[in-house]
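K.L.:
Here you go, coords_23.cif (mmCIF, C-alpha atoms and all ligand atoms):
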```cif
data_upload
#
loop_
_atom_site.label_atom_id
_atom_site.label_comp_id
_atom_site.auth_asym_id
_atom_site.auth_seq_id
_atom_site.Cartn_x
_atom_site.Cartn_y
_atom_site.Cartn_z
CA MET A 1 -8.01 25.52 6.28
CA GLU A 2 -6.69 22.55 8.14
CA THR A 3 -7.20 18.83 8.40
CA ARG A 4 -8.22 17.87 11.90
CA ILE A 5 -7.42 14.41 13.10
CA GLU A 6 -7.33 12.58 16.45
CA MET A 7 -3.99 12.28 18.16
CA PRO A 8 -2.84 8.69 18.37
CA ARG A 9 -4.15 7.61 21.77
CA TYR A 10 -2.61 4.22 22.11
CA MET A 11 0.54 2.63 20.78
CA GLU A 12 2.21 -0.77 21.03
CA ARG A 13 5.92 -1.12 20.61
CA PHE A 14 7.89 -4.08 19.30
CA GLY A 15 11.60 -3.18 19.36
CA ALA A 16 11.99 -0.25 16.98
CA LEU A 17 8.50 -0.70 15.61
CA LYS A 18 5.77 1.54 17.02
CA ILE A 19 2.26 0.72 15.86
CA TYR A 20 -0.40 3.30 16.68
CA ASP A 21 -4.05 2.47 17.14
CA VAL A 22 -6.55 3.82 14.64
CA GLN A 23 -6.95 7.58 14.48
CA ARG A 24 -10.05 9.10 12.93
CA VAL A 25 -10.29 12.16 10.78
CA LEU A 26 -12.50 14.59 12.70
CA GLU A 27 -12.93 17.30 10.10
CA LEU A 28 -11.80 17.27 6.50
CA THR A 29 -11.10 20.98 6.76
CA GLY A 30 -10.62 22.28 10.27
CA GLY A 31 -11.12 25.96 9.40
CA VAL A 32 -9.01 29.05 9.95
CA SER A 33 -10.82 30.07 13.12
CA SER A 34 -9.47 27.05 14.95
CA ASP A 35 -7.07 27.88 17.76
CA HIS A 36 -6.29 24.27 18.64
CA LYS A 37 -2.59 23.84 18.43
CA ARG A 38 -0.76 20.61 17.78
CA GLY A 39 -1.59 18.12 20.51
CA LEU A 40 -4.08 20.28 22.36
CA LEU A 41 -7.25 18.39 23.35
CA GLY A 42 -5.82 15.22 21.81
CA ILE A 43 -6.17 16.64 18.34
CA VAL A 44 -3.71 17.30 15.54
CA ASN A 45 -4.43 20.15 13.16
CA VAL A 46 -2.36 20.34 10.02
CA GLY A 47 -2.52 23.49 7.95
CA ARG A 48 -3.26 23.40 4.23
CA GLY A 49 0.14 24.93 3.47
CA GLU A 50 1.93 22.22 5.39
CA ILE A 51 -0.07 19.50 3.70
CA GLU A 52 0.68 20.89 0.25
CA GLU A 53 4.35 21.28 1.10
CA LEU A 54 4.53 17.60 2.09
CA GLU A 55 2.55 16.54 -0.99
CA SER A 56 5.03 18.36 -3.21
CA LYS A 57 7.64 15.94 -1.85
CA MET A 58 5.52 12.88 -2.59
CA SER A 59 5.24 10.42 -5.46
CA ILE A 60 1.97 8.51 -5.72
CA ILE A 61 2.02 5.10 -7.36
CA VAL A 62 -1.18 3.86 -8.98
CA PRO A 63 -1.21 0.14 -9.82
CA VAL A 64 -3.68 -0.64 -12.59
CA LYS A 65 -5.04 -3.82 -14.08
CA ASN A 66 -7.94 -3.57 -16.51
CA GLU A 67 -9.83 -0.87 -14.68
CA ASN A 68 -12.52 1.22 -16.29
CA PRO A 69 -10.62 4.27 -17.66
CA LYS A 70 -13.32 6.58 -16.31
CA ILE A 71 -12.72 5.28 -12.79
CA LEU A 72 -8.97 5.57 -13.23
CA GLU A 73 -9.42 9.14 -14.43
CA GLY A 74 -11.45 9.87 -11.31
CA VAL A 75 -8.65 8.44 -9.15
CA LEU A 76 -6.06 10.63 -10.87
CA SER A 77 -8.26 13.69 -10.43
CA GLY A 78 -8.35 12.99 -6.68
CA ILE A 79 -4.57 12.84 -6.24
CA PRO A 80 -3.53 16.31 -5.05
CA HIS A 81 -1.87 18.40 -7.73
CA GLU A 82 1.54 18.63 -6.06
CA ALA A 83 2.13 14.87 -5.93
CA PHE A 84 4.06 13.21 -8.76
CA LEU A 85 2.08 10.47 -10.54
CA ILE A 86 3.54 7.04 -11.26
CA ILE A 87 1.20 4.67 -13.09
CA VAL A 88 2.19 1.02 -13.42
CA SER A 89 -0.27 -0.89 -15.55
CA ASN A 90 -0.66 -4.59 -16.14
CA SER A 91 -3.70 -4.19 -18.34
CA GLU A 92 -4.55 -6.44 -21.24
CA ARG A 93 -2.82 -5.57 -24.52
CA GLN A 94 -3.57 -8.55 -26.73
CA VAL A 95 -7.29 -8.67 -27.50
CA ALA A 96 -7.96 -4.99 -26.94
CA ASP A 97 -5.07 -2.68 -26.11
CA ASN A 98 -6.39 -1.38 -22.80
CA TYR A 99 -3.00 0.12 -22.03
CA ARG A 100 -3.26 2.35 -25.12
CA ILE A 101 -6.69 3.52 -23.94
CA GLU A 102 -5.28 4.33 -20.49
CA MET A 103 -2.40 6.19 -22.11
CA ASP A 104 -4.70 8.34 -24.23
CA MET A 105 -6.73 9.20 -21.17
CA ILE A 106 -3.64 10.11 -19.14
CA PHE A 107 -2.20 12.30 -21.90
CA GLN A 108 -5.48 14.14 -22.08
CA PHE A 109 -5.45 14.52 -18.28
CA HIS A 110 -1.91 15.88 -18.51
CA ASN A 111 -2.83 18.33 -21.27
CA LEU A 112 -5.68 19.71 -19.21
CA THR A 113 -3.94 19.80 -15.82
CA GLY A 114 -0.24 20.06 -16.61
CA ARG A 115 0.48 17.19 -14.23
CA PRO A 116 3.87 15.54 -14.60
CA PHE A 117 3.76 11.74 -14.68
CA VAL A 118 5.53 8.50 -15.44
CA MET A 119 3.63 5.62 -16.94
CA VAL A 120 4.76 2.14 -17.92
CA HIS A 121 3.46 -1.33 -18.63
CA GLN A 122 4.48 -4.02 -16.15
CA ARG A 123 5.15 -6.62 -18.85
CA ASP A 124 7.24 -4.38 -21.09
CA PRO A 125 10.25 -6.47 -22.24
CA ALA A 126 12.55 -3.47 -21.66
CA TRP A 127 12.23 -4.04 -17.90
CA SER A 128 14.53 -7.00 -18.26
CA ASN A 129 17.51 -4.85 -19.30
CA ALA A 130 16.53 -2.05 -16.96
CA LEU A 131 16.30 -4.25 -13.87
CA ILE A 132 19.48 -6.18 -14.62
CA GLU A 133 21.34 -2.94 -15.28
CA ALA A 134 20.06 -1.42 -12.03
CA GLY A 135 20.94 -4.51 -9.99
CA TYR A 136 17.43 -5.69 -9.11
CA PRO A 137 16.61 -8.67 -11.36
CA HIS A 138 14.45 -10.36 -8.71
CA LEU A 139 11.12 -9.37 -10.28
CA LEU A 140 11.90 -11.17 -13.53
CA GLY A 141 10.27 -14.52 -14.19
CA GLU A 142 11.53 -17.43 -16.27
CA ASP A 143 10.24 -15.81 -19.46
CA GLY A 144 12.48 -12.79 -18.79
CA LEU A 145 9.50 -10.52 -18.15
CA VAL A 146 8.42 -8.98 -14.86
CA ARG A 147 6.02 -11.39 -13.15
CA ASN A 148 2.33 -10.66 -13.04
CA GLY A 149 0.94 -9.50 -9.71
CA LYS A 150 -0.05 -6.42 -7.82
CA GLY A 151 2.98 -6.56 -5.52
CA GLU A 152 5.34 -6.79 -8.48
CA GLY A 153 3.69 -3.73 -10.06
CA MET A 154 4.04 -1.83 -6.79
CA VAL A 155 7.76 -2.63 -6.48
CA LEU A 156 8.31 -1.38 -10.05
CA GLY A 157 6.55 1.80 -8.96
CA LEU A 158 8.84 2.07 -5.93
CA LEU A 159 11.93 1.74 -8.12
CA LEU A 160 10.64 4.56 -10.33
CA ALA A 161 9.85 6.65 -7.25
CA LYS A 162 13.37 6.07 -5.99
CA ALA A 163 14.76 7.25 -9.34
CA ILE A 164 12.57 10.36 -9.23
CA GLY A 165 13.96 11.06 -5.80
CA ARG A 166 11.08 12.49 -3.78
CA GLU A 167 11.13 12.06 -0.02
CA TYR A 168 7.77 10.27 0.37
CA VAL A 169 5.98 7.61 -1.60
CA GLY A 170 2.37 6.47 -1.45
CA PHE A 171 0.03 4.01 -3.17
CA VAL A 172 -3.53 4.50 -4.30
CA ASP A 173 -5.65 1.69 -5.77
CA SER A 174 -7.06 2.52 -9.20
CA ASP A 175 -10.51 0.97 -8.71
CA ASN A 176 -11.80 3.60 -6.29
CA TYR A 177 -15.07 5.19 -7.44
CA ILE A 178 -14.77 8.25 -5.20
CA PRO A 179 -12.16 10.85 -6.18
CA GLY A 180 -12.83 12.68 -2.91
CA ALA A 181 -11.81 9.56 -0.97
CA VAL A 182 -8.52 9.37 -2.89
CA ASN A 183 -7.95 13.04 -2.18
CA GLU A 184 -8.52 12.44 1.52
CA TYR A 185 -6.13 9.44 1.60
CA VAL A 186 -3.26 11.51 0.24
CA ASP A 187 -3.98 14.34 2.67
CA ILE A 188 -3.91 11.73 5.43
CA TYR A 189 -0.51 10.50 4.23
CA ALA A 190 0.77 14.07 4.54
CA THR A 191 -0.79 14.40 8.00
CA GLY A 192 1.00 11.22 9.12
CA PHE A 193 4.35 12.49 7.89
CA TYR A 194 3.65 15.77 9.65
CA MET A 195 2.96 13.98 12.95
CA SER A 196 6.01 11.77 12.80
CA ASN A 197 9.40 12.59 14.23
CA SER A 198 11.08 9.63 12.61
CA PRO A 199 12.66 9.32 9.15
CA TYR A 200 11.06 5.87 9.03
CA THR A 201 7.31 6.33 8.87
CA MET A 202 4.38 4.45 7.38
CA VAL A 203 0.76 5.57 7.10
CA ARG A 204 -1.90 2.95 6.39
CA ILE A 205 -5.50 3.76 5.52
CA LYS A 206 -8.17 1.86 7.38
CA TRP A 207 -11.28 1.96 5.23
CA PRO A 208 -14.15 2.93 7.52
CA TYR A 209 -16.67 0.93 5.52
CA LYS A 210 -16.76 -1.09 2.39
CA THR A 211 -19.86 0.29 0.80
CA LYS A 212 -22.25 -1.75 -1.32
CA PHE A 213 -25.52 -0.88 -2.93
CA VAL A 214 -28.07 -3.42 -1.70
CA GLY A 215 -31.62 -3.24 -2.94
CA LYS A 216 -32.58 0.42 -2.70
CA ARG A 217 -29.91 1.70 -0.39
CA PHE A 218 -26.27 1.68 0.54
CA TYR A 219 -25.02 -0.86 3.01
CA PHE A 220 -21.91 0.12 4.95
CA ARG A 221 -20.02 -3.00 5.94
CA ARG A 222 -17.60 -2.35 8.76
CA ARG A 223 -15.07 -5.06 7.98
CA GLY A 224 -13.51 -6.39 4.79
CA ARG A 225 -13.73 -10.13 4.35
CA VAL A 226 -10.01 -10.70 3.83
CA SER A 227 -8.73 -8.04 6.19
CA GLU A 228 -10.77 -9.23 9.17
CA VAL A 229 -9.14 -12.66 9.04
CA THR A 230 -5.66 -11.39 8.24
CA ASN A 231 -5.78 -8.88 11.09
CA ARG A 232 -6.85 -11.59 13.52
CA PHE A 233 -3.89 -13.83 12.68
CA MET A 234 -1.46 -10.92 12.47
CA ASN A 235 -2.46 -9.97 16.01
CA LEU A 236 -2.10 -13.57 17.16
CA LEU A 237 1.43 -13.46 15.79
CA LEU A 238 2.09 -10.39 17.95
CA ALA A 239 0.75 -12.30 20.96
CA ARG A 240 3.39 -14.96 20.24
CA LEU A 241 6.07 -12.27 20.56
CA THR A 242 4.90 -10.58 23.73
CA GLY A 243 2.74 -13.10 25.58
CA PHE A 244 -0.09 -10.57 25.52
CA GLU A 245 -3.03 -10.74 23.16
CA SER A 246 -3.44 -7.63 21.06
CA ASP A 247 -5.78 -6.13 18.50
CA ILE A 248 -3.53 -3.26 17.46
CA ILE A 249 -3.20 -4.19 13.79
CA LYS A 250 -6.25 -3.17 11.80
CA THR A 251 -4.77 -2.51 8.38
CA SER A 252 -3.05 -5.73 7.29
CA ASN A 253 -4.38 -5.47 3.75
CA ALA A 254 -4.24 -1.71 3.30
CA GLY A 255 -3.52 -1.19 -0.39
CA ASP A 256 -3.76 2.53 0.20
CA HIS A 257 -0.67 3.37 2.23
CA ALA A 258 2.44 5.53 2.17
CA MET A 259 6.00 5.58 3.48
CA THR A 260 9.00 7.78 3.78
CA MET A 261 11.36 6.75 1.01
CA ALA A 262 13.93 6.06 3.73
CA LEU A 263 11.67 3.31 5.10
CA ALA A 264 10.49 2.09 1.68
CA GLU A 265 14.13 1.38 0.80
CA ARG A 266 14.74 -0.61 3.97
CA ILE A 267 11.92 -3.13 3.94
CA GLY A 268 11.32 -6.21 1.85
CA TYR A 269 8.28 -6.89 -0.34
CA SER A 270 6.36 -9.83 -1.69
CA GLY A 271 4.37 -10.70 -4.77
CA GLY A 272 0.71 -10.45 -5.72
CA PHE A 273 -1.82 -9.65 -3.01
CA SER A 274 0.49 -10.63 -0.17
CA ILE A 275 2.52 -7.42 -0.32
CA GLU A 276 0.65 -5.33 2.25
CA PRO A 277 0.65 -7.88 5.11
CA TYR A 278 4.20 -8.88 4.22
CA GLU A 279 5.45 -5.32 4.78
CA LEU A 280 4.29 -5.67 8.39
CA ILE A 281 5.77 -9.15 8.72
CA TYR A 282 9.09 -7.92 7.36
CA MET A 283 9.21 -5.03 9.82
CA LEU A 284 8.42 -7.37 12.71
CA GLU A 285 10.99 -9.95 11.68
CA GLU A 286 13.67 -7.39 11.05
CA TYR A 287 13.08 -4.52 13.44
CA ALA A 288 11.31 -5.94 16.49
CA GLY A 289 14.69 -6.42 18.15
CA LEU A 290 14.81 -10.18 17.68
CA LYS A 291 17.91 -10.17 15.49
CA LYS A 292 20.60 -7.84 14.21
CA PRO A 293 18.89 -6.12 11.28
CA ARG A 294 20.46 -5.56 7.88
CA PHE A 295 19.97 -1.80 8.23
CA GLU A 296 21.09 -1.04 11.77
CA GLU A 297 20.50 2.70 11.40
CA VAL A 298 16.76 2.03 11.67
CA MET A 299 17.15 0.78 15.25
CA LYS A 300 18.48 4.18 16.36
CA HIS A 301 15.11 5.67 15.47
CA ALA A 302 11.65 4.24 15.74
CA ILE A 303 9.53 3.14 12.82
CA GLU A 304 6.24 4.95 13.26
CA VAL A 305 3.25 3.13 11.80
CA TYR A 306 0.01 5.14 11.77
CA GLN A 307 -3.39 3.69 10.93
CA VAL A 308 -5.92 6.33 9.97
CA GLU A 309 -9.62 6.07 9.27
CA PRO A 310 -10.85 8.57 6.69
CA ARG A 311 -14.33 10.06 6.46
CA ASN A 312 -15.15 9.06 2.92
CA PRO A 313 -16.63 5.59 2.45
CA HIS A 314 -14.73 3.15 0.29
CA ILE A 315 -16.61 2.25 -2.85
CA HIS A 316 -14.61 0.18 -5.27
CA GLU A 317 -15.05 -2.18 -8.18
CA GLU A 318 -16.69 -5.36 -6.88
CA ARG A 319 -15.05 -8.35 -8.45
CA GLY A 320 -17.31 -11.00 -7.03
CA ASP A 321 -16.36 -13.60 -4.51
CA GLU A 322 -14.05 -15.75 -6.60
CA HIS A 323 -10.83 -13.90 -5.84
CA ILE A 324 -11.45 -13.71 -2.07
CA PRO A 325 -10.02 -17.19 -1.28
CA GLU A 326 -6.95 -16.44 -3.42
CA MET A 327 -6.36 -13.14 -1.62
CA LEU A 328 -6.85 -14.79 1.75
CA LYS A 329 -4.42 -17.54 0.88
CA ALA A 330 -1.77 -15.06 -0.28
CA SER A 331 -2.28 -12.87 2.79
CA LEU A 332 -2.20 -15.61 5.41
CA ALA A 333 0.78 -17.30 3.77
CA THR A 334 2.89 -14.32 4.85
CA ILE A 335 2.10 -15.12 8.50
CA TYR A 336 2.21 -18.89 8.06
CA TYR A 337 5.73 -18.75 6.61
CA SER A 338 7.03 -16.12 8.99
CA ARG A 339 9.81 -17.39 11.19
CA LEU A 340 7.95 -15.75 14.08
CA ALA A 341 5.00 -18.15 13.73
CA ASP A 342 4.94 -21.34 15.81
CA GLU A 343 3.41 -24.71 14.95
CA GLU A 344 0.16 -23.95 16.77
CA LEU A 345 -0.40 -20.71 14.86
CA ARG A 346 0.43 -22.43 11.57
CA ARG A 347 -2.10 -25.14 12.33
CA ARG A 348 -4.79 -22.56 13.07
CA ILE A 349 -4.08 -20.64 9.88
CA TYR A 350 -4.24 -23.80 7.83
CA GLU A 351 -7.53 -24.85 9.43
CA GLU A 352 -8.99 -21.41 8.71
CA LEU A 353 -7.98 -21.63 5.06
CA VAL A 354 -9.51 -25.10 4.73
CA ALA A 355 -12.73 -23.96 6.45
CA ARG A 356 -12.97 -21.05 4.02
CA ARG A 357 -12.24 -23.33 1.07
CA ALA A 358 -9.11 -21.39 0.19
CA VAL A 359 -7.03 -24.59 0.30
CA ARG A 360 -8.00 -28.25 -0.05
CA PRO A 361 -7.12 -30.45 2.93
CA GLY A 362 -3.57 -31.71 2.45
CA GLU A 363 -2.67 -29.07 -0.15
CA ILE A 364 0.64 -27.33 0.42
CA LEU A 365 0.17 -23.62 0.98
CA PRO A 366 2.33 -21.76 -1.57
CA GLU A 367 5.10 -19.69 0.01
CA PRO A 368 5.00 -15.96 -0.74
CA ARG A 369 7.53 -14.84 -3.31
CA ARG A 370 9.80 -12.46 -1.43
CA TYR A 371 11.73 -9.52 -2.87
CA PRO A 372 14.64 -7.85 -1.08
CA PRO A 373 14.81 -4.16 -0.07
CA ILE A 374 15.55 -1.75 -2.91
CA ARG A 375 18.26 0.12 -0.99
CA GLY A 376 21.42 0.29 -3.09
CA VAL A 377 19.63 -0.30 -6.40
CA GLU A 378 20.82 2.09 -9.10
CA ALA A 379 17.31 3.23 -9.88
CA LYS A 380 18.27 6.15 -12.13
CA LYS A 381 19.64 3.66 -14.63
CA ILE A 382 16.13 2.28 -14.96
CA ILE A 383 14.89 5.57 -16.36
CA ASP A 384 17.79 5.74 -18.83
CA VAL A 385 17.25 2.20 -20.09
CA MET A 386 13.47 2.55 -20.26
CA LYS A 387 13.76 5.81 -22.21
CA ASP A 388 16.02 4.03 -24.71
CA LEU A 389 14.38 0.66 -25.09
CA SER A 390 10.82 0.73 -23.89
CA GLU A 391 7.78 1.08 -26.08
CA SER A 392 5.32 1.62 -23.21
CA PHE A 393 7.36 3.98 -20.99
CA VAL A 394 6.33 7.63 -20.93
CA MET A 395 7.81 10.27 -18.68
CA VAL A 396 6.49 13.82 -18.80
CA GLU A 397 8.06 16.15 -16.25
N1 LIG B 401 0.12 -3.08 -11.81
C1 LIG B 401 -0.74 -4.00 -11.38
N2 LIG B 401 -0.46 -5.32 -11.63
N3 LIG B 401 -1.86 -3.65 -10.70
C2 LIG B 401 -2.70 -4.62 -10.29
C3 LIG B 401 -2.47 -5.99 -10.54
C4 LIG B 401 -1.28 -6.35 -11.27
O1 LIG B 401 -0.99 -7.52 -11.55
N4 LIG B 401 -3.50 -6.69 -10.00
C5 LIG B 401 -4.33 -5.79 -9.43
N5 LIG B 401 -3.87 -4.53 -9.62
C6 LIG B 401 -4.47 -3.28 -9.14
C7 LIG B 401 -5.94 -3.11 -9.48
O2 LIG B 401 -6.14 -2.48 -10.72
C8 LIG B 401 -6.43 -2.26 -8.32
O3 LIG B 401 -6.13 -0.91 -8.52
C9 LIG B 401 -5.56 -2.71 -7.14
O4 LIG B 401 -4.41 -3.31 -7.72
C10 LIG B 401 -6.30 -3.68 -6.20
O5 LIG B 401 -6.65 -4.85 -6.91
P1 LIG B 401 -8.11 -5.50 -6.95
O6 LIG B 401 -8.05 -6.71 -7.80
O7 LIG B 401 -9.11 -4.43 -7.25
O8 LIG B 401 -8.32 -5.96 -5.49
P2 LIG B 401 -9.25 -5.44 -4.29
O9 LIG B 401 -9.58 -4.01 -4.44
O10 LIG B 401 -10.32 -6.42 -4.02
O11 LIG B 401 -8.09 -5.63 -3.19
C11 LIG B 401 -8.02 -5.18 -1.88
O12 LIG B 401 -7.42 -6.22 -1.12
C12 LIG B 401 -6.12 -6.59 -1.59
C13 LIG B 401 -5.61 -7.79 -0.82
O13 LIG B 401 -5.59 -7.56 0.49
C14 LIG B 401 -7.11 -3.95 -1.88
O14 LIG B 401 -6.98 -3.46 -0.57
C15 LIG B 401 -5.75 -4.30 -2.38
O15 LIG B 401 -4.92 -3.14 -2.34
C16 LIG B 401 -5.19 -5.40 -1.51
O16 LIG B 401 -3.90 -5.77 -2.02
#
```
Show the structure stored in the file as structure tokens.
P.N.:
Amino acid sequence: METRIEMPRYMERFGALKIYDVQRVLELTGGVSSDHKRGLLGIVNVGRGEIEELESKMSIIVPVKNENPKILEGVLSGIPHEAFLIIVSNSERQVADNYRIEMDMIFQFHNLTGRPFVMVHQRDPAWSNALIEAGYPHLLGEDGLVRNGKGEGMVLGLLLAKAIGREYVGFVDSDNYIPGAVNEYVDIYATGFYMSNSPYTMVRIKWPYKTKFVGKRFYFRRRGRVSEVTNRFMNLLLARLTGFESDIIKTSNAGDHAMTMALAERIGYSGGFSIEPYELIYMLEEYAGLKKPRFEEVMKHAIEVYQVEPRNPHIHEERGDEHIPEMLKASLATIYYSRLADEELRRRIYEELVARRAVRPGEILPEPRRYPPIRGVEAKKIIDVMKDLSESFVMVE
């Protein structure tokens, strides 16, 4: 049994950064009778054994904020057995202790499946000591706690993944209704790592459709509202670099994505919902050959960025339209404040945000909160401190 996926047909290169055009999954399981070898007919076949081998070297981080525990349980059930689970929750604890409910569910899941996991609450006061001790206090706010935000939760997850020491790390959103989709995403991560020859690799999922139930039937919308706009401006930024317009970037807001740990340690991050586009911005600023990068070893290799379209539709919790302008603002701010953007691009971004009522005319666009690479952080100390001091931290190996 194999996963069959299109070979990347087209690639654009910016210094050390190679961004591949979207590849589609052709068959979820390619079958044993297949005699297509790697690369033949423009197709990559990856055997089940190879996928499982790669997944056994992977940690999967699941950021959670007040999701329905049943949906979260479905997400966990979709993450292939070999991958190590890291759950970082920022769920409500005051009125109802949602975190406790999540914990009970995860313990039950562990008892039934034997899955090892780490779980922690984002706002646990013990993080303060742990992060200071490890040399990464940047996530702490003025109240001494880790700041709220999806990006902040994801960076905590990365620090735990670094401590656990697996070679690959991926993210899976916890509001995905379809366990089979989650399962496919992680197989795709493995397929990307299989295809790559570089120690610095990223695989980003391009949702084929955002699926909504309208009236009596499903409606498959091809583009996400935030991602369509972010991709457009991200590609305009690329045009500023090369003088050629491009549409290569199609996954600016991909929450579901994975990296080699070697790459994850050598890029910067940002807070809230700006983290996914900012990863791309950071790689462009640092590794497109425009300056001497902090980690020069990366320039000797390429950074391979794959964008893959799965077969399963994306059906997730619909939160209404209110948070769309906020997400758009956070996303576009990463481009607006990039040193690669010129005045003209900034003006166009600002006008777009005003037209979409994401900012009021004259309002200053908030700058993304940036966090430095985690390379050099003494991540193992985090586990020691959390084991000692934390009330929410659980690690079952
Ligand atoms: N730990 C943690 N902390 N998790 C969070 C937080 C937080 O403060 N805020 C949100 N999450 C989790 C949610 O539980 C969910 O699993 C995931 O992050 C995505 O958040 P949603 O609020 O459901 O956003 P969405 O699905 O509409 O967001 C999409 O667009 C975003 C912006 O581009 C996804 O693609 C996101 O991954 C993407 O960041």
K.L.:
Show me the residues close to (-1.4, -4.3, 18.9) - anything with an atom within 10 Å, counting only C-alpha atoms - and format the list as an NGL selection string.
P.N.:
:A and (10-14 or 18-21 or 234-236 or 238-239 or 244-250)
K.L.:
Set the cut-off to 6 Å, count all atoms listed in the file, and list whatever residues fall near ligand LIG 401 (chain B) as a list of chain:residue names.
P.N.:
A:Pro63, A:Val64, A:Lys65, A:Glu67, A:Val88, A:Ser89, A:Asn90, A:Asn148, A:Gly149, A:Lys150, A:Gly153, A:Asp173, A:Ser174, A:Asp175, A:Asn253, A:Ala254, A:Gly255, A:Phe273, A:Met327
K.L.:
Calculate how many Å separate atom CA of A:Asn98 from atom CA of A:His121, rounding to one decimal.
P.N.:
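Distance reported for this atom pair: 10.7 Å.
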K.L.:
Using all atoms listed in the file, can you tell me which of A:Pro8, A:Pro313, A:Gly272, A:Pro325 comes closest to A:Glu367?
P.N.:
A:Gly272
K.L.:
Identify, on the basis of all atoms listed in the file, every residue whose closest approach to A:Ala258 does not exceed 10 Å; exclude the query and any residue fewer than 6 positions from it along the same chain; express the result as a ChimeraX atom specification.
P.N.:
/A:58-61,168-172,185-186,188-190,192-193,201-205,264,305-306
K.L.:
So how far away is atom CA of A:Arg369 from atom CA of A:Trp207, in Å?
P.N.:
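Atom-to-atom, atom CA of A:Trp207 to atom CA of A:Arg369, that is 26.6 Å.
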K.L.:
What is the atom CA of A:Ser331 to atom CA of A:Val214 distance in Å?
P.N.:
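Between atom CA of A:Ser331 and atom CA of A:Val214 the gap is 27.8 Å.
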K.L.:
Just checking: using all atoms listed in the file, which residue out of A:Pro125, A:Ile71, A:Leu241, A:Met154 ends up closest to A:Gly141?
P.N.:
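Smallest distance to A:Gly141 is found for A:Pro125.
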K.L.:
Which residues are close to stretch 129-139 of chain A, i.e. within 7 Å by all atoms listed in the file, leaving aside same-chain residues fewer than 3 positions away? Reply as a list in words.
P.N.:
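Here the answer would be Ala126, Val146, Arg147, Glu152, Tyr371, Val377, Glu378, Ala379, Lys381, Ile382, Val385 and Met386 of chain A.
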K.L.:
Print the selection's residues with C-alpha atoms to a file, as a CSV table (one decimal), keeping the file's coordinate frame.
P.N.:
```csv
chain,number,residue,atom,x,y,z
A,126,ALA,CA,12.6,-3.5,-21.7
A,146,VAL,CA,8.4,-9.0,-14.9
A,147,ARG,CA,6.0,-11.4,-13.2
A,152,GLU,CA,5.3,-6.8,-8.5
A,371,TYR,CA,11.7,-9.5,-2.9
A,377,VAL,CA,19.6,-0.3,-6.4
A,378,GLU,CA,20.8,2.1,-9.1
A,379,ALA,CA,17.3,3.2,-9.9
A,381,LYS,CA,19.6,3.7,-14.6
A,382,ILE,CA,16.1,2.3,-15.0
A,385,VAL,CA,17.2,2.2,-20.1
A,386,MET,CA,13.5,2.6,-20.3
```
K.L.:
Write out as a PyMOL selection string which residues come within 9 Å of stretch 176-178 of chain A when counting all atoms listed in the file, dropping same-chain ones fewer than 3 positions away.
P.N.:
chain A and resi 71-72+74-75+78+172-173+181-183+312-317
K.L.:
Selection from above, C-alpha atoms, as a tab-separated table (two decimals), in the coordinates of the input, can you write it?
P.N.:
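Wrote it out as part.tsv, contents follow:
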```tsv
chain	number	residue	atom	x	y	z
A	71	ILE	CA	-12.72	5.28	-12.79
A	72	LEU	CA	-8.97	5.57	-13.23
A	74	GLY	CA	-11.45	9.87	-11.31
A	75	VAL	CA	-8.65	8.44	-9.15
A	78	GLY	CA	-8.35	12.99	-6.68
A	172	VAL	CA	-3.53	4.50	-4.30
A	173	ASP	CA	-5.65	1.69	-5.77
A	181	ALA	CA	-11.81	9.56	-0.97
A	182	VAL	CA	-8.52	9.37	-2.89
A	183	ASN	CA	-7.95	13.04	-2.18
A	312	ASN	CA	-15.15	9.06	2.92
A	313	PRO	CA	-16.63	5.59	2.45
A	314	HIS	CA	-14.73	3.15	0.29
A	315	ILE	CA	-16.61	2.25	-2.85
A	316	HIS	CA	-14.61	0.18	-5.27
A	317	GLU	CA	-15.05	-2.18	-8.18
```
K.L.:
May I ask which of the residues A:Ile5, A:Gly15, A:Leu365, A:Lys292 is the closest one to A:Glu309, counting only C-alpha atoms?
P.N.:
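For A:Glu309, the nearest of the given residues is A:Ile5.
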K.L.:
Step by step: start from the point (2.1, -18.5, 4.5) in the file's coordinates, keep every protein, DNA or RNA residue that has an atom no farther than 9 Å from it, count all atoms listed in the file, and write the set as a list of chain:residue names.
P.N.:
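Selection result: A:Lys329, A:Ala330, A:Ser331, A:Leu332, A:Ala333, A:Thr334, A:Ile335, A:Tyr336, A:Tyr337, A:Ser338, A:Arg346, A:Ile349, A:Tyr350, A:Leu365, A:Pro366, A:Glu367, A:Pro368.
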K.L.:
Can you pull out every residue within 12 Å of A:Ile267, counting all atoms listed in the file, but drop anything in the same chain fewer than 4 positions away, and send it as an NGL selection string?
P.N.:
:A and (155 or 158 or 200-202 or 259-263 or 275-276 or 278-287 or 293-295 or 298 or 303 or 370-375)
K.L.:
Go through A:Glu167, A:Glu296, A:Asp342, A:Glu352 and flag the residue nearest A:Val226, using all atoms listed in the file for the distances.
P.N.:
A:Glu352
K.L.:
So, counting all atoms listed in the file, which residue among A:Ile383, A:Ile101, A:Ala161, A:Leu237 is closest to A:Glu344?
P.N.:
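For A:Glu344, the nearest of the given residues is A:Leu237.
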